[in-house]
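Participant: Below is input.txt; it holds compact mmCIF, C-alpha atoms and all ligand atoms.
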```
# COMPACT_ATOMS: atom_id res chain seq x y z
CA SER A 288 275.36 411.01 112.47
CA SER A 289 274.44 407.42 111.66
CA PRO A 290 272.25 406.91 108.57
CA ALA A 291 268.52 406.75 109.27
CA PRO A 292 266.61 403.43 109.37
CA ILE A 293 264.97 401.84 106.36
CA LEU A 294 261.33 400.77 106.06
CA ALA A 295 260.66 397.79 103.80
CA ILE A 296 257.52 396.26 102.31
CA GLU A 297 256.96 392.76 100.92
CA SER A 298 253.79 391.93 98.95
CA SER A 299 254.85 389.67 96.09
CA CYS A 300 252.70 386.67 97.00
CA ASP A 301 250.29 385.97 99.87
CA ASP A 302 252.28 387.40 102.78
CA THR A 303 251.81 391.08 103.59
CA ALA A 304 254.89 392.22 105.46
CA CYS A 305 256.61 395.34 106.72
CA ALA A 306 259.88 395.77 108.60
CA ILE A 307 262.14 398.52 109.86
CA LEU A 308 265.89 397.97 110.03
CA ASP A 309 268.68 400.08 111.39
CA ALA A 310 271.27 401.11 108.81
CA ASP A 311 273.54 398.32 110.13
CA GLY A 312 270.84 395.68 109.65
CA THR A 313 269.53 395.45 113.20
CA VAL A 314 265.84 394.58 113.02
CA LEU A 315 263.80 397.21 114.86
CA ALA A 316 260.35 395.91 113.92
CA ASP A 317 259.07 393.02 111.81
CA THR A 318 255.42 392.29 111.01
CA VAL A 319 253.92 389.63 108.72
CA LEU A 320 250.29 388.87 107.95
CA SER A 321 249.59 385.57 106.18
CA GLN A 322 246.44 385.95 104.12
CA ALA A 323 243.74 383.47 105.11
CA GLY A 324 241.44 384.24 102.16
CA HIS A 325 243.13 381.65 99.93
CA VAL A 326 242.48 378.61 102.14
CA PRO A 327 239.09 377.67 100.60
CA PHE A 328 240.73 377.73 97.15
CA GLY A 329 243.65 375.48 98.12
CA GLY A 330 246.17 377.92 96.65
CA VAL A 331 246.98 381.60 96.21
CA VAL A 332 244.40 383.55 94.15
CA PRO A 333 246.24 386.58 92.68
CA GLU A 334 243.27 388.95 92.70
CA ILE A 335 242.37 388.10 96.30
CA ALA A 336 246.04 388.57 97.26
CA ALA A 337 246.25 392.05 95.70
CA ARG A 338 243.06 393.23 97.40
CA ALA A 339 244.15 391.80 100.75
CA HIS A 340 247.53 393.60 100.50
CA LEU A 341 245.71 396.85 99.77
CA ALA A 342 243.39 396.35 102.72
CA ALA A 343 246.11 395.35 105.18
CA LEU A 344 249.18 397.41 104.32
CA PRO A 345 248.36 400.89 105.67
CA ALA A 346 247.54 399.60 109.17
CA LEU A 347 250.48 397.19 109.02
CA VAL A 348 252.93 400.01 108.21
CA ARG A 349 251.45 402.03 111.09
CA ARG A 350 251.83 399.10 113.47
CA THR A 351 255.41 398.46 112.35
CA LEU A 352 256.33 402.11 112.99
CA ASP A 353 254.66 401.86 116.43
CA ASP A 354 256.54 398.62 117.21
CA ALA A 355 259.81 400.40 116.38
CA GLY A 356 258.74 403.42 118.45
CA MET A 357 259.11 405.64 115.39
CA ARG A 358 257.31 408.18 113.28
CA ALA A 359 257.35 407.98 109.50
CA THR A 360 259.60 411.05 109.40
CA ASP A 361 262.34 409.06 111.20
CA ILE A 362 262.66 406.81 108.15
CA GLY A 363 265.65 407.43 105.86
CA ALA A 364 264.68 405.29 102.87
CA VAL A 365 261.77 403.13 101.74
CA ALA A 366 262.20 399.77 100.01
CA ALA A 367 259.82 397.28 98.43
CA SER A 368 259.93 394.01 96.54
CA THR A 369 259.33 394.85 92.90
CA GLY A 370 259.36 391.29 91.58
CA PRO A 371 259.31 388.59 90.59
CA GLY A 372 255.87 387.90 92.00
CA LEU A 373 252.16 388.40 91.44
CA ILE A 374 251.83 391.71 89.63
CA GLY A 375 248.75 393.01 91.50
CA GLY A 376 250.37 392.63 94.91
CA LEU A 377 253.65 394.09 93.66
CA ILE A 378 251.86 397.21 92.38
CA VAL A 379 250.09 397.65 95.72
CA GLY A 380 253.26 397.25 97.84
CA ALA A 381 255.62 399.17 95.58
CA GLY A 382 252.97 401.87 95.04
CA LEU A 383 252.55 402.42 98.76
CA ALA A 384 256.32 402.42 99.30
CA LYS A 385 256.88 404.92 96.50
CA GLY A 386 254.11 407.14 97.80
CA LEU A 387 255.70 407.08 101.22
CA ALA A 388 259.12 407.88 99.74
CA VAL A 389 257.67 410.82 97.80
CA ALA A 390 255.80 412.16 100.84
CA LEU A 391 258.89 411.83 103.05
CA ASP A 392 261.26 413.05 100.33
CA ARG A 393 263.43 409.94 100.82
CA PRO A 394 264.92 407.53 98.29
CA PHE A 395 262.90 404.54 97.15
CA VAL A 396 264.90 401.32 96.73
CA ALA A 397 263.51 398.63 94.45
CA VAL A 398 264.44 395.14 95.63
CA ASN A 399 264.40 391.96 93.59
CA HIS A 400 262.55 389.37 95.66
CA ILE A 401 264.95 386.54 94.77
CA GLU A 402 267.92 388.75 95.61
CA ALA A 403 266.29 389.41 98.99
CA HIS A 404 266.04 385.65 99.66
CA ALA A 405 269.61 385.24 98.40
CA LEU A 406 271.11 387.82 100.79
CA THR A 407 269.08 386.95 103.91
CA ALA A 408 271.81 384.65 105.24
CA ARG A 409 274.08 387.73 105.48
CA LEU A 410 271.84 389.48 108.01
CA PRO A 411 274.11 390.26 110.96
CA GLY A 412 274.06 387.49 113.54
CA LEU A 413 272.25 384.85 111.47
CA VAL A 414 275.11 382.60 110.38
CA PRO A 415 277.92 382.07 112.91
CA GLY A 416 280.93 383.94 111.55
CA GLY A 417 278.79 385.57 108.84
CA ALA A 418 277.86 384.31 105.38
CA ALA A 419 280.80 385.38 103.24
CA PHE A 420 280.63 385.31 99.44
CA PRO A 421 280.69 383.13 97.45
CA TYR A 422 278.02 380.68 98.62
CA LEU A 423 275.48 378.38 97.03
CA LEU A 424 271.83 379.20 97.65
CA LEU A 425 269.09 376.61 97.31
CA LEU A 426 265.80 378.51 97.16
CA VAL A 427 262.84 376.17 97.60
CA SER A 428 259.39 377.61 98.23
CA GLY A 429 255.89 377.52 96.80
CA GLY A 430 256.92 379.86 94.02
CA HIS A 431 260.66 379.34 93.60
CA CYS A 432 262.92 376.36 93.11
CA GLN A 433 266.45 377.15 92.02
CA CYS A 434 270.16 376.91 92.74
CA ILE A 435 271.93 380.26 92.68
CA ALA A 436 275.66 381.00 92.91
CA VAL A 437 275.77 384.08 95.14
CA GLU A 438 279.09 385.73 94.32
CA GLY A 439 278.50 389.23 95.64
CA VAL A 440 275.82 391.89 95.94
CA GLY A 441 274.27 392.10 92.48
CA ARG A 442 276.33 389.13 91.32
CA TYR A 443 274.16 386.05 91.01
CA ARG A 444 274.40 383.13 88.63
CA ARG A 445 271.38 380.88 88.25
CA LEU A 446 272.90 377.42 88.03
CA GLY A 447 269.59 375.63 87.48
CA GLY A 448 265.96 375.56 88.50
CA THR A 449 262.69 373.75 88.08
CA ILE A 450 261.48 372.95 84.61
CA ASP A 451 257.90 372.48 85.88
CA ASP A 452 256.62 372.78 89.46
CA ALA A 453 258.35 374.43 92.40
CA ALA A 454 259.09 372.04 95.28
CA GLY A 455 256.50 373.65 97.55
CA GLU A 456 253.92 373.48 94.77
CA ALA A 457 254.53 369.71 94.58
CA PHE A 458 254.08 369.40 98.37
CA ASP A 459 250.85 371.39 98.15
CA LYS A 460 249.45 369.34 95.27
CA VAL A 461 250.30 366.03 96.93
CA ALA A 462 248.74 367.30 100.16
CA LYS A 463 245.57 368.07 98.24
CA MET A 464 245.53 364.54 96.73
CA LEU A 465 245.94 363.10 100.24
CA GLY A 466 243.04 365.20 101.49
CA LEU A 467 245.25 367.40 103.70
CA GLY A 468 244.82 371.16 104.08
CA TRP A 469 246.69 374.05 102.46
CA PRO A 470 249.53 374.92 102.67
CA GLY A 471 250.38 371.26 102.37
CA GLY A 472 254.09 371.04 103.19
CA PRO A 473 253.82 370.94 106.99
CA ALA A 474 250.83 368.52 106.81
CA VAL A 475 252.71 366.13 104.49
CA GLU A 476 255.76 366.26 106.76
CA ALA A 477 253.68 365.48 109.85
CA LEU A 478 251.88 362.56 108.16
CA ALA A 479 255.13 361.22 106.68
CA ARG A 480 256.51 360.78 110.20
CA GLU A 481 254.22 357.80 110.84
CA GLY A 482 254.48 356.30 107.34
CA ASP A 483 256.46 353.41 105.86
CA PRO A 484 257.65 354.46 102.39
CA ALA A 485 258.78 350.95 101.32
CA PRO A 486 255.49 349.70 99.77
CA TRP A 487 255.10 352.93 97.75
CA PRO A 488 258.15 353.35 95.48
CA LEU A 489 258.14 356.62 93.51
CA PRO A 490 260.34 357.91 90.67
CA ARG A 491 263.08 360.53 91.06
CA PRO A 492 262.94 362.67 87.88
CA LEU A 493 266.27 364.02 86.55
CA LEU A 494 268.27 362.18 89.24
CA GLY A 495 271.91 361.90 88.17
CA ARG A 496 271.42 364.05 85.08
CA PRO A 497 274.04 366.73 84.35
CA GLY A 498 273.34 370.23 85.67
CA CYS A 499 271.02 371.08 88.52
CA ASP A 500 267.57 371.53 87.00
CA PHE A 501 264.63 370.15 88.96
CA SER A 502 261.44 368.40 87.88
CA PHE A 503 258.57 367.38 90.13
CA SER A 504 255.64 366.95 87.80
CA GLY A 505 256.38 363.25 87.03
CA LEU A 506 256.63 362.57 90.74
CA LYS A 507 253.28 364.23 91.32
CA THR A 508 251.70 362.12 88.55
CA ALA A 509 253.20 358.97 90.09
CA VAL A 510 251.60 359.85 93.43
CA ALA A 511 248.24 360.26 91.66
CA GLN A 512 248.70 356.77 90.13
CA LYS A 513 249.36 355.24 93.56
CA LEU A 514 246.17 356.84 94.80
CA ALA A 515 244.01 355.86 91.81
CA PRO A 516 243.04 352.40 93.20
CA PHE A 517 241.52 354.15 96.23
CA ALA A 518 239.31 356.47 94.16
CA GLY A 519 235.87 356.66 95.69
CA ASP A 520 236.94 354.78 98.84
CA ALA A 521 238.30 356.26 102.03
CA LEU A 522 242.10 356.28 101.86
CA PRO A 523 243.49 354.13 104.70
CA ARG A 524 245.67 356.20 107.01
CA ALA A 525 248.63 353.82 106.68
CA ALA A 526 248.54 354.19 102.89
CA ALA A 527 248.30 357.99 103.08
CA ALA A 528 251.18 358.13 105.53
CA GLY A 529 253.27 355.69 103.48
CA ILE A 530 252.74 357.69 100.30
CA ALA A 531 253.53 360.95 102.13
CA ALA A 532 256.76 359.43 103.48
CA SER A 533 257.72 358.05 100.08
CA PHE A 534 256.99 361.38 98.37
CA GLN A 535 259.03 363.30 100.93
CA ASP A 536 261.94 360.84 100.53
CA ALA A 537 261.78 361.30 96.76
CA VAL A 538 261.84 365.11 97.05
CA ALA A 539 264.77 364.95 99.48
CA ASP A 540 266.65 362.57 97.12
CA ILE A 541 265.98 364.82 94.12
CA VAL A 542 266.96 368.02 95.88
CA ALA A 543 270.09 366.48 97.44
CA ASP A 544 271.20 365.12 94.05
CA ARG A 545 270.58 368.45 92.29
CA VAL A 546 272.38 370.43 94.99
CA ALA A 547 275.31 367.98 94.86
CA HIS A 548 275.60 368.80 91.14
CA ALA A 549 275.28 372.53 91.87
CA LEU A 550 278.18 372.26 94.35
CA GLU A 551 280.27 370.62 91.63
CA MET A 552 279.37 373.53 89.33
CA MET A 553 280.48 375.95 92.03
CA PRO A 554 283.69 374.56 93.55
CA GLN A 555 284.51 377.97 95.02
CA ALA A 556 281.44 377.90 97.33
CA THR A 557 282.33 378.34 101.00
CA LEU A 558 278.85 377.69 102.39
CA LEU A 559 275.55 376.04 101.47
CA VAL A 560 272.45 378.08 102.29
CA ALA A 561 268.82 376.92 101.99
CA ALA A 562 265.88 379.31 102.05
CA GLY A 563 262.16 379.27 101.26
CA GLY A 564 259.26 377.53 102.99
CA VAL A 565 260.33 374.03 101.94
CA ALA A 566 263.68 374.58 103.69
CA ALA A 567 261.62 374.13 106.88
CA ASN A 568 261.28 370.43 106.06
CA GLY A 569 263.21 368.36 108.60
CA ALA A 570 263.99 365.46 106.25
CA LEU A 571 265.33 367.87 103.63
CA ARG A 572 267.39 369.83 106.15
CA ALA A 573 268.97 366.61 107.41
CA ARG A 574 269.93 365.59 103.87
CA LEU A 575 271.39 369.01 103.07
CA THR A 576 273.37 369.08 106.31
CA ALA A 577 274.90 365.68 105.45
CA LEU A 578 275.57 366.77 101.87
CA ALA A 579 277.34 369.98 102.91
CA ASP A 580 279.31 367.98 105.47
CA ALA A 581 280.48 365.55 102.79
CA HIS A 582 281.74 368.57 100.81
CA GLY A 583 283.48 370.00 103.89
CA LEU A 584 281.13 372.97 103.90
CA PRO A 585 278.92 374.45 106.61
CA PHE A 586 275.17 374.40 106.01
CA ALA A 587 272.93 377.26 107.06
CA ALA A 588 269.21 377.92 106.82
CA PRO A 589 267.77 381.15 108.17
CA PRO A 590 265.16 380.67 110.91
CA LEU A 591 261.77 379.78 109.43
CA ARG A 592 260.37 383.28 109.84
CA LEU A 593 263.15 384.59 107.58
CA CYS A 594 263.03 381.60 105.18
CA THR A 595 259.45 382.30 104.17
CA ASP A 596 258.44 385.64 102.65
CA ASN A 597 259.11 388.58 104.97
CA ALA A 598 260.07 392.25 104.79
CA VAL A 599 263.28 391.98 106.85
CA MET A 600 264.98 390.38 103.87
CA VAL A 601 263.76 393.20 101.64
CA GLY A 602 265.16 395.83 104.00
CA TRP A 603 268.45 393.97 104.31
CA ALA A 604 268.81 393.60 100.50
CA ALA A 605 268.14 397.35 100.21
CA ILE A 606 270.88 398.07 102.77
CA GLU A 607 273.32 395.84 100.88
CA THR A 608 272.31 397.54 97.62
CA ILE A 609 272.75 401.02 99.08
CA ARG A 610 276.19 400.05 100.42
CA ALA A 611 277.23 398.57 97.07
CA CYS A 612 275.98 401.66 95.22
CA ARG A 613 277.86 403.98 97.59
CA ALA A 614 281.03 401.97 97.09
CA LEU A 615 280.64 402.64 93.36
CA GLY A 616 279.82 406.32 93.89
CA LEU A 617 276.26 405.81 92.64
CA PRO A 618 273.14 407.34 94.22
CA ALA A 619 271.51 405.07 96.79
CA GLY A 620 267.96 405.15 95.47
CA GLN A 621 267.36 403.08 92.40
CA ASP A 622 264.23 402.38 90.52
CA LEU A 623 263.49 399.33 88.43
CA ASP A 624 260.46 398.16 86.54
CA LEU A 625 257.99 395.82 88.20
CA LEU A 626 258.81 392.28 87.20
CA PRO A 627 255.89 389.84 87.07
CA ARG A 628 256.66 386.20 87.73
CA PRO A 629 257.91 384.75 84.42
O1 LIG A 701 258.47 380.63 101.13
P1 LIG A 701 257.02 380.36 101.28
O2 LIG A 701 256.35 380.66 102.61
O3 LIG A 701 256.16 381.14 100.24
C1 LIG A 701 256.49 381.24 98.89
O4 LIG A 701 256.08 380.32 98.16
O5 LIG A 701 257.20 382.21 98.53
O6 LIG A 701 256.83 378.82 100.93
C2 LIG A 701 255.59 378.20 101.06
C3 LIG A 701 255.74 376.77 100.58
C4 LIG A 701 254.39 376.06 100.50
O7 LIG A 701 254.32 375.37 99.28
C5 LIG A 701 254.46 375.09 101.68
O8 LIG A 701 253.70 373.91 101.46
C6 LIG A 701 255.94 374.78 101.77
O9 LIG A 701 256.56 376.03 101.49
N1 LIG A 701 256.32 374.31 103.09
C7 LIG A 701 256.83 373.08 103.33
C8 LIG A 701 257.00 372.98 104.74
N2 LIG A 701 256.60 374.16 105.29
C9 LIG A 701 256.19 374.95 104.27
N3 LIG A 701 257.15 372.07 102.51
C10 LIG A 701 257.64 370.95 103.05
N4 LIG A 701 257.83 370.77 104.39
C11 LIG A 701 257.52 371.75 105.26
N5 LIG A 701 257.70 371.56 106.57
ZN ZN A 702 259.70 384.24 98.21
```
Show me the file's structure as structure tokens.
Facilitator:
Amino acid sequence: SSPAPILAIESSCDDTACAILDADGTVLADTVLSQAGHVPFGGVVPEIAARAHLAALPALVRRTLDDAGMRATDIGAVAASTGPGLIGGLIVGAGLAKGLAVALDRPFVAVNHIEAHALTARLPGLVPGGAAFPYLLLLVSGGHCQCIAVEGVGRYRRLGGTIDDAAGEAFDKVAKMLGLGWPGGPAVEALAREGDPAPWPLPRPLLGRPGCDFSFSGLKTAVAQKLAPFAGDALPRAAAAGIAASFQDAVADIVADRVAHALEMMPQATLLVAAGGVAANGALRARLTALADAHGLPFAAPPLRLCTDNAVMVGWAAIETIRACRALGLPAGQDLDLLPRP
């Protein structure tokens, strides 16, 4: 008989998500709720996030089972993100998942959230021909910004990462300065489309430096300086659009330069993968496609729904973990400590 499906929960930030996957990785149901309660605050409030996960998860799990046409007793294992992330939400999601595993007498599989992002590209059918190891992962979201050498299941090398803000955080802060809503990335990208960046030159921190660390805080400060003369006055639309375009160009330049260095640090890479909300940015995707091309590599980014936080990636990472454990003769269920965001 084929192994039973896996139910996965994701609650590490502001997305409450549940998914059910077949043992071979086929997605049977996939639900995500983006919490709206943070909008008035212009960013994720950890306490609000934890409470919202607690309020939403039971009904969401129910709905996901219904979508898959299943009962809880059909589930063979339960997985959850156990970090890194906001500790309150992690406790809620992992607590519910563990409770379910205990009640069903099934293994609980703890999944590292970054590992889940890192393995998403390997979901069956996502990348033409499959994403074979080793590949370079650029993870750029509101909470993460790093280059990871993905060499196998459980074999990751962090090549570099941000020394201050995450890329998405920078987009969100610049959006706020420009008077755009939250989350800011899509709003900045839309405004940048009509802007001329030329009159608004901005710095590119760490460009050309060895390694592949990122820094965005100087760029953010430079944007604030460009905006200072307008303090108190309405910001002309052309200026806002120009600054948005210049900022986006700077981020694309920085990321492309850092990823180029990461590729040099990982000559064995056979593929470049981008994931995280910022990987939705068209200007950035175009730059990464060209960069991979210049290195003779294919470029892949999971569809947006799987780039941003979701539970499918958690279920898939659990399946990969279970397979890797079996191959080593280890039990499938594994339990790790919760890992708050460092
Ligand atoms: O992966 P994600 O949904 O959540 C986590 O942070 O884990 O990423 C959200 C981030 C936000 O900062 C948002 O502003 C940014 O991704 N983002 C974008 C775009 N869409 C979302 N940044 C730039 N361009 C976009 N089109
Ligand atoms: Zn994430």
Participant: Give as a PyMOL selection string the residues surrounding ligand LIG 701 (chain A) up to a distance of 10 Å, considering all atoms listed in the file.
Facilitator: chain A and resi 299-302+321+330-331+372+400-401+404+426-432+453-462+468-477+535+538-539+562-572+591-597
Participant: When distances are computed from all atoms listed in the file, which of A:Ala598, A:Ala366, A:Cys612, A:Ala418 shows the smallest separation from ligand ZN 702 (chain A)?
Facilitator: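 Among A:Ala598, A:Ala366, A:Cys612, A:Ala418, it is A:Ala598 that comes nearest to ligand ZN 702 (chain A).
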Participant: In Å, with one decimal, what is the gap from CA of Ala397 (chain A) to CA of Ala336 (chain A)?
Facilitator: 20.4 Å
Participant: Any idea what the distance is between CA of Leu617 (chain A) and CA of Val348 (chain A)?
Facilitator: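 About the pair CA of Leu617 (chain A) and CA of Val348 (chain A): they are 28.6 Å apart.
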Participant: Quote the spacing between CA of Leu410 (chain A) and CA of Cys499 (chain A) in Å to one decimal place.
Facilitator: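 Distance reported for this atom pair: 26.8 Å.
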Participant: Using only C-alpha atoms, can you list as a PyMOL selection string the residues within 10 Å of (281.3, 381.5, 107.0)?
Facilitator: chain A and resi 409+414-422+557-559+584-587
Participant: Would you mind listing what lies within 12 Å of Val332 (chain A) as a list in words, with all atoms listed in the file counted and same-chain residues fewer than 4 positions away left out?
Facilitator: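 Residues meeting the cut-off are Cys300, Asp301, Gln322, Ala323, Gly324, His325, Val326, Pro327, Phe328, Ala336, Ala337, Arg338, Ala339, Leu373, Ile374, Gly375 and Gly376 of chain A.
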Participant: Write out as number ranges by chain each polymer residue whose atoms come within 6 Å of Met600 (chain A), counting only C-alpha atoms; drop sequence neighbours fewer than 3 positions from it.
Facilitator: A: 403, 407, 603
Participant: Find the spatial neighbours of Ala316 (chain A), counting only C-alpha atoms, within a cut-off of 12 Å - ignore same-chain residues fewer than 3 positions away - and output them as a PyMOL selection string.
Facilitator: chain A and resi 292-296+304-309+312-313+319+347-357+597-599+602
Participant: Keeping only C-alpha atoms, write the selected residues to a file as a CSV table (one decimal), in the coordinates of the input.
Facilitator:
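File again_17.csv, as written:
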```
chain,number,residue,atom,x,y,z
A,292,PRO,CA,266.6,403.4,109.4
A,293,ILE,CA,265.0,401.8,106.4
A,294,LEU,CA,261.3,400.8,106.1
A,295,ALA,CA,260.7,397.8,103.8
A,296,ILE,CA,257.5,396.3,102.3
A,304,ALA,CA,254.9,392.2,105.5
A,305,CYS,CA,256.6,395.3,106.7
A,306,ALA,CA,259.9,395.8,108.6
A,307,ILE,CA,262.1,398.5,109.9
A,308,LEU,CA,265.9,398.0,110.0
A,309,ASP,CA,268.7,400.1,111.4
A,312,GLY,CA,270.8,395.7,109.6
A,313,THR,CA,269.5,395.4,113.2
A,319,VAL,CA,253.9,389.6,108.7
A,347,LEU,CA,250.5,397.2,109.0
A,348,VAL,CA,252.9,400.0,108.2
A,349,ARG,CA,251.4,402.0,111.1
A,350,ARG,CA,251.8,399.1,113.5
A,351,THR,CA,255.4,398.5,112.4
A,352,LEU,CA,256.3,402.1,113.0
A,353,ASP,CA,254.7,401.9,116.4
A,354,ASP,CA,256.5,398.6,117.2
A,355,ALA,CA,259.8,400.4,116.4
A,356,GLY,CA,258.7,403.4,118.4
A,357,MET,CA,259.1,405.6,115.4
A,597,ASN,CA,259.1,388.6,105.0
A,598,ALA,CA,260.1,392.2,104.8
A,599,VAL,CA,263.3,392.0,106.8
A,602,GLY,CA,265.2,395.8,104.0
```
Participant: Nearest residue to ligand ZN 702 (chain A) out of A:Ile362, A:Ala343, A:Ile378, A:Val601, using all atoms listed in the file?
Facilitator: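 Closest to ligand ZN 702 (chain A), using all atoms listed in the file: A:Val601.
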Participant: Which one of A:Ala525, A:Cys434, A:Ala509, A:Met464 sits closest to Ala479 (chain A) if you count all atoms listed in the file?
Facilitator: A:Ala525
Participant: Between A:Gly363, A:Pro371, A:Pro333, A:Pro554, which has the minimum distance to ligand ZN 702 (chain A) (counting all atoms listed in the file)?
Facilitator: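 Nearest to ligand ZN 702 (chain A): A:Pro371.
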Participant: Excluding Leu424 (chain A) and its own-chain neighbours fewer than 4 positions away, which residues fall within 10 Å of it when counting all atoms listed in the file? Please give them as an mmCIF file with C-alpha atoms, keeping the file's coordinate frame.
Facilitator:
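Final output, saved to around_24.cif:
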```cif
data_model
loop_
_atom_site.group_PDB
_atom_site.id
_atom_site.type_symbol
_atom_site.label_atom_id
_atom_site.label_comp_id
_atom_site.auth_asym_id
_atom_site.auth_seq_id
_atom_site.Cartn_x
_atom_site.Cartn_y
_atom_site.Cartn_z
ATOM 1 C CA HIS A 404 266.040 385.650 99.660
ATOM 2 C CA ALA A 405 269.610 385.240 98.400
ATOM 3 C CA LEU A 406 271.110 387.820 100.790
ATOM 4 C CA ALA A 408 271.810 384.650 105.240
ATOM 5 C CA GLN A 433 266.450 377.150 92.020
ATOM 6 C CA CYS A 434 270.160 376.910 92.740
ATOM 7 C CA ILE A 435 271.930 380.260 92.680
ATOM 8 C CA ALA A 436 275.660 381.000 92.910
ATOM 9 C CA VAL A 437 275.770 384.080 95.140
ATOM 10 C CA TYR A 443 274.160 386.050 91.010
ATOM 11 C CA ARG A 445 271.380 380.880 88.250
ATOM 12 C CA LEU A 446 272.900 377.420 88.030
ATOM 13 C CA VAL A 546 272.380 370.430 94.990
ATOM 14 C CA ALA A 549 275.280 372.530 91.870
ATOM 15 C CA LEU A 550 278.180 372.260 94.350
ATOM 16 C CA ALA A 556 281.440 377.900 97.330
ATOM 17 C CA LEU A 558 278.850 377.690 102.390
ATOM 18 C CA LEU A 559 275.550 376.040 101.470
ATOM 19 C CA VAL A 560 272.450 378.080 102.290
ATOM 20 C CA ALA A 561 268.820 376.920 101.990
ATOM 21 C CA ALA A 562 265.880 379.310 102.050
ATOM 22 C CA ALA A 587 272.930 377.260 107.060
ATOM 23 C CA ALA A 588 269.210 377.920 106.820
#
```
